[in-house]
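File shown: coords-v8.pdb. Contents: PDB, C-alpha atoms, pLDDT in the B column.
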ATOM      1  CA  MET A   1     -13.680   8.523  -8.744  1.00 47.00           C
ATOM      2  CA  SER A   2     -12.217   6.726  -5.740  1.00 52.00           C
ATOM      3  CA  THR A   3      -8.472   6.486  -5.165  1.00 60.00           C
ATOM      4  CA  THR A   4      -8.466   3.346  -3.027  1.00 59.00           C
ATOM      5  CA  GLN A   5      -5.469   1.057  -3.194  1.00 63.00           C
ATOM      6  CA  PRO A   6      -6.707  -2.509  -2.689  1.00 65.00           C
ATOM      7  CA  ASN A   7      -3.225  -3.945  -3.353  1.00 76.00           C
ATOM      8  CA  SER A   8      -1.586  -1.807  -0.665  1.00 80.00           C
ATOM      9  CA  PRO A   9      -0.627  -3.758   2.483  1.00 80.00           C
ATOM     10  CA  LEU A  10      -2.166  -0.913   4.509  1.00 86.00           C
ATOM     11  CA  HIS A  11      -5.509  -0.982   2.686  1.00 86.00           C
ATOM     12  CA  GLY A  12      -8.349  -1.239   5.202  1.00 89.00           C
ATOM     13  CA  ILE A  13      -6.050  -1.078   8.232  1.00 92.00           C
ATOM     14  CA  THR A  14      -6.474   1.831  10.625  1.00 96.00           C
ATOM     15  CA  LEU A  15      -3.617   3.606  12.351  1.00 97.00           C
ATOM     16  CA  LYS A  16      -4.980   2.342  15.658  1.00 97.00           C
ATOM     17  CA  MET A  17      -4.789  -1.244  14.406  1.00 96.00           C
ATOM     18  CA  ILE A  18      -1.203  -0.705  13.245  1.00 96.00           C
ATOM     19  CA  VAL A  19      -0.032   0.757  16.558  1.00 97.00           C
ATOM     20  CA  THR A  20      -1.880  -1.892  18.570  1.00 96.00           C
ATOM     21  CA  GLN A  21      -0.360  -4.738  16.576  1.00 95.00           C
ATOM     22  CA  LEU A  22       3.132  -3.255  16.790  1.00 96.00           C
ATOM     23  CA  VAL A  23       2.812  -2.879  20.568  1.00 96.00           C
ATOM     24  CA  GLU A  24       1.538  -6.460  20.908  1.00 94.00           C
ATOM     25  CA  HIS A  25       4.406  -7.718  18.741  1.00 94.00           C
ATOM     26  CA  PHE A  26       7.330  -5.632  20.046  1.00 95.00           C
ATOM     27  CA  GLY A  27       6.155  -4.094  23.326  1.00 96.00           C
ATOM     28  CA  TRP A  28       6.543  -0.397  24.125  1.00 97.00           C
ATOM     29  CA  LYS A  29      10.214  -0.604  25.065  1.00 97.00           C
ATOM     30  CA  LYS A  30      11.349  -2.332  21.854  1.00 97.00           C
ATOM     31  CA  LEU A  31       9.059  -0.132  19.751  1.00 97.00           C
ATOM     32  CA  GLY A  32      10.654   2.940  21.342  1.00 97.00           C
ATOM     33  CA  GLU A  33      14.089   1.566  20.476  1.00 97.00           C
ATOM     34  CA  LYS A  34      13.096   0.956  16.859  1.00 96.00           C
ATOM     35  CA  ILE A  35      11.354   4.332  16.488  1.00 97.00           C
ATOM     36  CA  PRO A  36      12.722   6.683  19.168  1.00 96.00           C
ATOM     37  CA  ILE A  37       9.894   9.180  19.570  1.00 96.00           C
ATOM     38  CA  ASN A  38       8.498  10.318  22.904  1.00 94.00           C
ATOM     39  CA  CYS A  39       5.046   8.825  22.420  1.00 94.00           C
ATOM     40  CA  PHE A  40       6.711   5.371  22.507  1.00 96.00           C
ATOM     41  CA  THR A  41       9.366   6.038  25.147  1.00 95.00           C
ATOM     42  CA  LYS A  42       7.851   8.355  27.777  1.00 95.00           C
ATOM     43  CA  ASP A  43       4.607   7.204  29.415  1.00 94.00           C
ATOM     44  CA  PRO A  44       3.388   5.462  26.227  1.00 96.00           C
ATOM     45  CA  SER A  45      -0.239   4.787  25.411  1.00 97.00           C
ATOM     46  CA  ILE A  46      -2.202   4.011  22.284  1.00 97.00           C
ATOM     47  CA  ASN A  47      -4.139   7.286  22.489  1.00 97.00           C
ATOM     48  CA  SER A  48      -1.094   9.526  22.947  1.00 96.00           C
ATOM     49  CA  SER A  49       0.654   7.720  20.099  1.00 97.00           C
ATOM     50  CA  LEU A  50      -2.316   8.137  17.772  1.00 98.00           C
ATOM     51  CA  LYS A  51      -2.560  11.822  18.626  1.00 97.00           C
ATOM     52  CA  LEU A  52       1.089  12.419  17.700  1.00 97.00           C
ATOM     53  CA  LEU A  53       1.117  10.177  14.635  1.00 97.00           C
ATOM     54  CA  ARG A  54      -1.957  11.855  13.143  1.00 97.00           C
ATOM     55  CA  LYS A  55      -0.241  15.258  13.387  1.00 97.00           C
ATOM     56  CA  THR A  56       3.289  14.190  12.404  1.00 97.00           C
ATOM     57  CA  PRO A  57       3.580  12.728   8.893  1.00 97.00           C
ATOM     58  CA  TRP A  58       7.260  11.697   9.187  1.00 97.00           C
ATOM     59  CA  ALA A  59       6.573   9.722  12.385  1.00 97.00           C
ATOM     60  CA  ARG A  60       3.499   8.073  10.875  1.00 97.00           C
ATOM     61  CA  LYS A  61       5.555   7.055   7.841  1.00 97.00           C
ATOM     62  CA  LYS A  62       8.153   5.403  10.116  1.00 97.00           C
ATOM     63  CA  VAL A  63       5.427   3.479  11.953  1.00 97.00           C
ATOM     64  CA  GLU A  64       3.767   2.362   8.711  1.00 96.00           C
ATOM     65  CA  THR A  65       7.134   1.292   7.282  1.00 95.00           C
ATOM     66  CA  LEU A  66       7.972  -0.726  10.400  1.00 96.00           C
ATOM     67  CA  TYR A  67       4.526  -2.329  10.268  1.00 95.00           C
ATOM     68  CA  ILE A  68       4.950  -3.350   6.619  1.00 94.00           C
ATOM     69  CA  ARG A  69       8.456  -4.728   7.288  1.00 92.00           C
ATOM     70  CA  SER A  70       7.153  -6.651  10.313  1.00 92.00           C
ATOM     71  CA  LEU A  71       3.899  -7.849   8.754  1.00 87.00           C
ATOM     72  CA  PHE A  72       5.098 -11.395   8.058  1.00 78.00           C
ATOM     73  CA  SER A  73       6.306 -12.008  11.620  1.00 79.00           C
ATOM     74  CA  ILE A  74       3.225 -10.332  13.122  1.00 78.00           C
ATOM     75  CA  ASN A  75       0.903 -12.591  11.087  1.00 73.00           C
ATOM     76  CA  LYS A  76       3.006 -15.651  11.869  1.00 71.00           C
ATOM     77  CA  LYS A  77       2.798 -14.868  15.590  1.00 70.00           C
ATOM     78  CA  LYS A  78      -0.999 -14.417  15.335  1.00 68.00           C
ATOM     79  CA  GLN A  79      -1.392 -17.783  13.602  1.00 71.00           C
ATOM     80  CA  GLY A  80       0.689 -19.447  16.296  1.00 71.00           C
ATOM     81  CA  LYS A  81      -1.636 -18.080  18.983  1.00 68.00           C
ATOM     82  CA  LYS A  82      -4.746 -19.378  17.185  1.00 61.00           C
ATOM     83  CA  THR A  83      -3.511 -22.946  16.915  1.00 53.00           C
ATOM     84  CA  THR A  84      -2.440 -23.323  20.545  1.00 49.00           C
TER      85      THR A  84
END
Render the structure in this file as C-alpha coordinates.
Amino acid sequence: MSTTQPNSPLHGITLKMIVTQLVEHFGWKKLGEKIPINCFTKDPSINSSLKLLRKTPWARKKVETLYIRSLFSINKKKQGKKTT
(Lines of atoms letter the chains of each structure in order from A and count residues from 1; the text may use other names and numbers.)
(Lines give C-alpha, C1' and ligand atoms only; values in the text may rest on other atoms or scores of the structure.)
Protein backbone atom coordinates (compact mmCIF):
# COMPACT_ATOMS: atom_id res chain seq x y z
CA MET A 1 0.00 0.00 0.00
CA SER A 2 1.35 3.41 -0.96
CA THR A 3 1.57 6.27 1.54
CA THR A 4 1.47 9.14 -0.94
CA GLN A 5 -0.08 12.41 0.15
CA PRO A 6 -1.72 13.98 -2.91
CA ASN A 7 -3.20 16.82 -0.81
CA SER A 8 0.19 17.83 0.61
CA PRO A 9 1.58 21.07 -0.86
CA LEU A 10 4.93 19.27 -1.22
CA HIS A 11 3.50 16.30 -3.13
CA GLY A 12 5.48 15.75 -6.33
CA ILE A 13 7.97 18.54 -5.60
CA THR A 14 11.62 17.60 -5.21
CA LEU A 15 13.97 19.18 -2.71
CA LYS A 16 15.96 20.57 -5.63
CA MET A 17 12.85 22.29 -6.97
CA ILE A 18 12.11 23.77 -3.55
CA VAL A 19 15.62 25.17 -3.07
CA THR A 20 15.76 26.48 -6.64
CA GLN A 21 12.44 28.28 -6.31
CA LEU A 22 13.38 29.76 -2.94
CA VAL A 23 16.67 31.05 -4.34
CA GLU A 24 14.90 32.54 -7.38
CA HIS A 25 12.32 34.18 -5.10
CA PHE A 26 14.51 35.43 -2.23
CA GLY A 27 18.11 35.23 -3.47
CA TRP A 28 20.90 33.61 -1.46
CA LYS A 29 21.44 36.57 0.86
CA LYS A 30 17.79 36.88 1.95
CA LEU A 31 17.43 33.10 2.17
CA GLY A 32 20.47 33.01 4.47
CA GLU A 33 18.86 35.68 6.64
CA LYS A 34 15.60 33.75 6.87
CA ILE A 35 17.32 30.41 7.52
CA PRO A 36 20.82 31.10 8.86
CA ILE A 37 22.69 27.93 7.93
CA ASN A 38 26.10 27.86 6.28
CA CYS A 39 24.93 26.29 3.03
CA PHE A 40 22.94 29.50 2.39
CA THR A 41 25.40 32.04 3.80
CA LYS A 42 28.93 30.85 2.96
CA ASP A 43 29.68 30.18 -0.72
CA PRO A 44 26.12 28.98 -1.43
CA SER A 45 25.16 26.64 -4.25
CA ILE A 46 22.23 24.40 -5.02
CA ASN A 47 24.36 21.25 -4.78
CA SER A 48 25.95 22.10 -1.42
CA SER A 49 22.53 23.03 -0.05
CA LEU A 50 20.97 19.77 -1.23
CA LYS A 51 23.82 17.78 0.28
CA LEU A 52 23.31 19.37 3.70
CA LEU A 53 19.52 19.35 3.62
CA ARG A 54 19.37 15.64 2.74
CA LYS A 55 21.50 14.82 5.80
CA THR A 56 19.98 17.32 8.25
CA PRO A 57 16.27 16.79 8.95
CA TRP A 58 15.80 19.95 11.07
CA ALA A 59 17.27 22.15 8.32
CA ARG A 60 15.17 20.45 5.64
CA LYS A 61 12.05 21.02 7.75
CA LYS A 62 12.86 24.76 7.99
CA VAL A 63 13.31 24.98 4.22
CA GLU A 64 10.07 23.09 3.53
CA THR A 65 8.19 25.28 6.01
CA LEU A 66 9.52 28.47 4.42
CA TYR A 67 8.58 27.13 0.99
CA ILE A 68 5.01 26.36 2.08
CA ARG A 69 4.65 29.78 3.74
CA SER A 70 6.02 31.48 0.61
CA LEU A 71 4.15 29.36 -1.93
CA PHE A 72 1.49 31.97 -2.70
CA SER A 73 3.99 34.76 -3.41
CA ILE A 74 6.27 32.42 -5.38
CA ASN A 75 3.37 31.34 -7.63
CA LYS A 76 2.16 34.92 -7.98
CA LYS A 77 5.64 36.01 -9.06
CA LYS A 78 5.81 33.14 -11.60
CA GLN A 79 2.45 34.13 -13.10
CA GLY A 80 3.61 37.72 -13.40
CA LYS A 81 6.66 36.61 -15.40
CA LYS A 82 4.53 34.54 -17.80
CA THR A 83 2.20 37.38 -18.71
CA THR A 84 4.89 39.97 -19.42
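Minimum distance to Pro36 (chain A) across A:Ile13, A:Val63, A:Leu50, A:Val23 (counting only C-alpha atoms) occurs at A:Val63.
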Next on the checklist: Taking 2 positions as the minimum chain separation for residues in the same chain, which residues sit within 12 Å of Val19 (chain A) when counting all atoms listed in the file? Answer as a ChimeraX atom specification.
Outcome noted: /A:13-17,21-28,31-32,35,39-40,44-54,59-60,62-68
Export C-alpha atoms of the chosen residues as a JSON list (two decimals), keeping the file's coordinate frame?
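File written: again-v8.json
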[["chain", "number", "residue", "atom", "x", "y", "z"],
["A", 13, "ILE", "CA", -6.05, -1.08, 8.23],
["A", 14, "THR", "CA", -6.47, 1.83, 10.62],
["A", 15, "LEU", "CA", -3.62, 3.61, 12.35],
["A", 16, "LYS", "CA", -4.98, 2.34, 15.66],
["A", 17, "MET", "CA", -4.79, -1.24, 14.41],
["A", 21, "GLN", "CA", -0.36, -4.74, 16.58],
["A", 22, "LEU", "CA", 3.13, -3.26, 16.79],
["A", 23, "VAL", "CA", 2.81, -2.88, 20.57],
["A", 24, "GLU", "CA", 1.54, -6.46, 20.91],
["A", 25, "HIS", "CA", 4.41, -7.72, 18.74],
["A", 26, "PHE", "CA", 7.33, -5.63, 20.05],
["A", 27, "GLY", "CA", 6.16, -4.09, 23.33],
["A", 28, "TRP", "CA", 6.54, -0.40, 24.12],
["A", 31, "LEU", "CA", 9.06, -0.13, 19.75],
["A", 32, "GLY", "CA", 10.65, 2.94, 21.34],
["A", 35, "ILE", "CA", 11.35, 4.33, 16.49],
["A", 39, "CYS", "CA", 5.05, 8.82, 22.42],
["A", 40, "PHE", "CA", 6.71, 5.37, 22.51],
["A", 44, "PRO", "CA", 3.39, 5.46, 26.23],
["A", 45, "SER", "CA", -0.24, 4.79, 25.41],
["A", 46, "ILE", "CA", -2.20, 4.01, 22.28],
["A", 47, "ASN", "CA", -4.14, 7.29, 22.49],
["A", 48, "SER", "CA", -1.09, 9.53, 22.95],
["A", 49, "SER", "CA", 0.65, 7.72, 20.10],
["A", 50, "LEU", "CA", -2.32, 8.14, 17.77],
["A", 51, "LYS", "CA", -2.56, 11.82, 18.63],
["A", 52, "LEU", "CA", 1.09, 12.42, 17.70],
["A", 53, "LEU", "CA", 1.12, 10.18, 14.64],
["A", 54, "ARG", "CA", -1.96, 11.86, 13.14],
["A", 59, "ALA", "CA", 6.57, 9.72, 12.38],
["A", 60, "ARG", "CA", 3.50, 8.07, 10.88],
["A", 62, "LYS", "CA", 8.15, 5.40, 10.12],
["A", 63, "VAL", "CA", 5.43, 3.48, 11.95],
["A", 64, "GLU", "CA", 3.77, 2.36, 8.71],
["A", 65, "THR", "CA", 7.13, 1.29, 7.28],
["A", 66, "LEU", "CA", 7.97, -0.73, 10.40],
["A", 67, "TYR", "CA", 4.53, -2.33, 10.27],
["A", 68, "ILE", "CA", 4.95, -3.35, 6.62]]
Item to check | Distance of CA of Asn75 (chain A) from CA of Thr56 (chain A), expressed in Å to one decimal place | outcome: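 Interatomic distance, CA of Thr56 (chain A) to CA of Asn75 (chain A): 26.9 Å.
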Let me have the centre and edge lengths of the axis-aligned box enclosing all listed atoms of region 4-20 of chain A with 4 Å padding on every side, in Å to one decimal, as lines of an AutoDock Vina configuration file.
center_x = -4.2
center_y = -0.2
center_z = 7.6
size_x = 16.4
size_y = 15.6
size_z = 29.9
Next on the checklist: As an exercise, work out the distance from CA of Lys76 (chain A) to CA of Pro57 (chain A) in Å and give it to one decimal place.
Outcome noted: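 CA of Pro57 (chain A) lies 28.5 Å from CA of Lys76 (chain A).
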Item to check | Separation of CA of Lys42 (chain A) from CA of Ile18 (chain A) in Å | outcome: 19.4 Å
Checklist entry - With all atoms listed in the file as the atoms that count, which of A:Thr41, A:Ser8, A:Lys34, A:Lys55 lies nearest to Ser70 (chain A)? => result A:Lys34
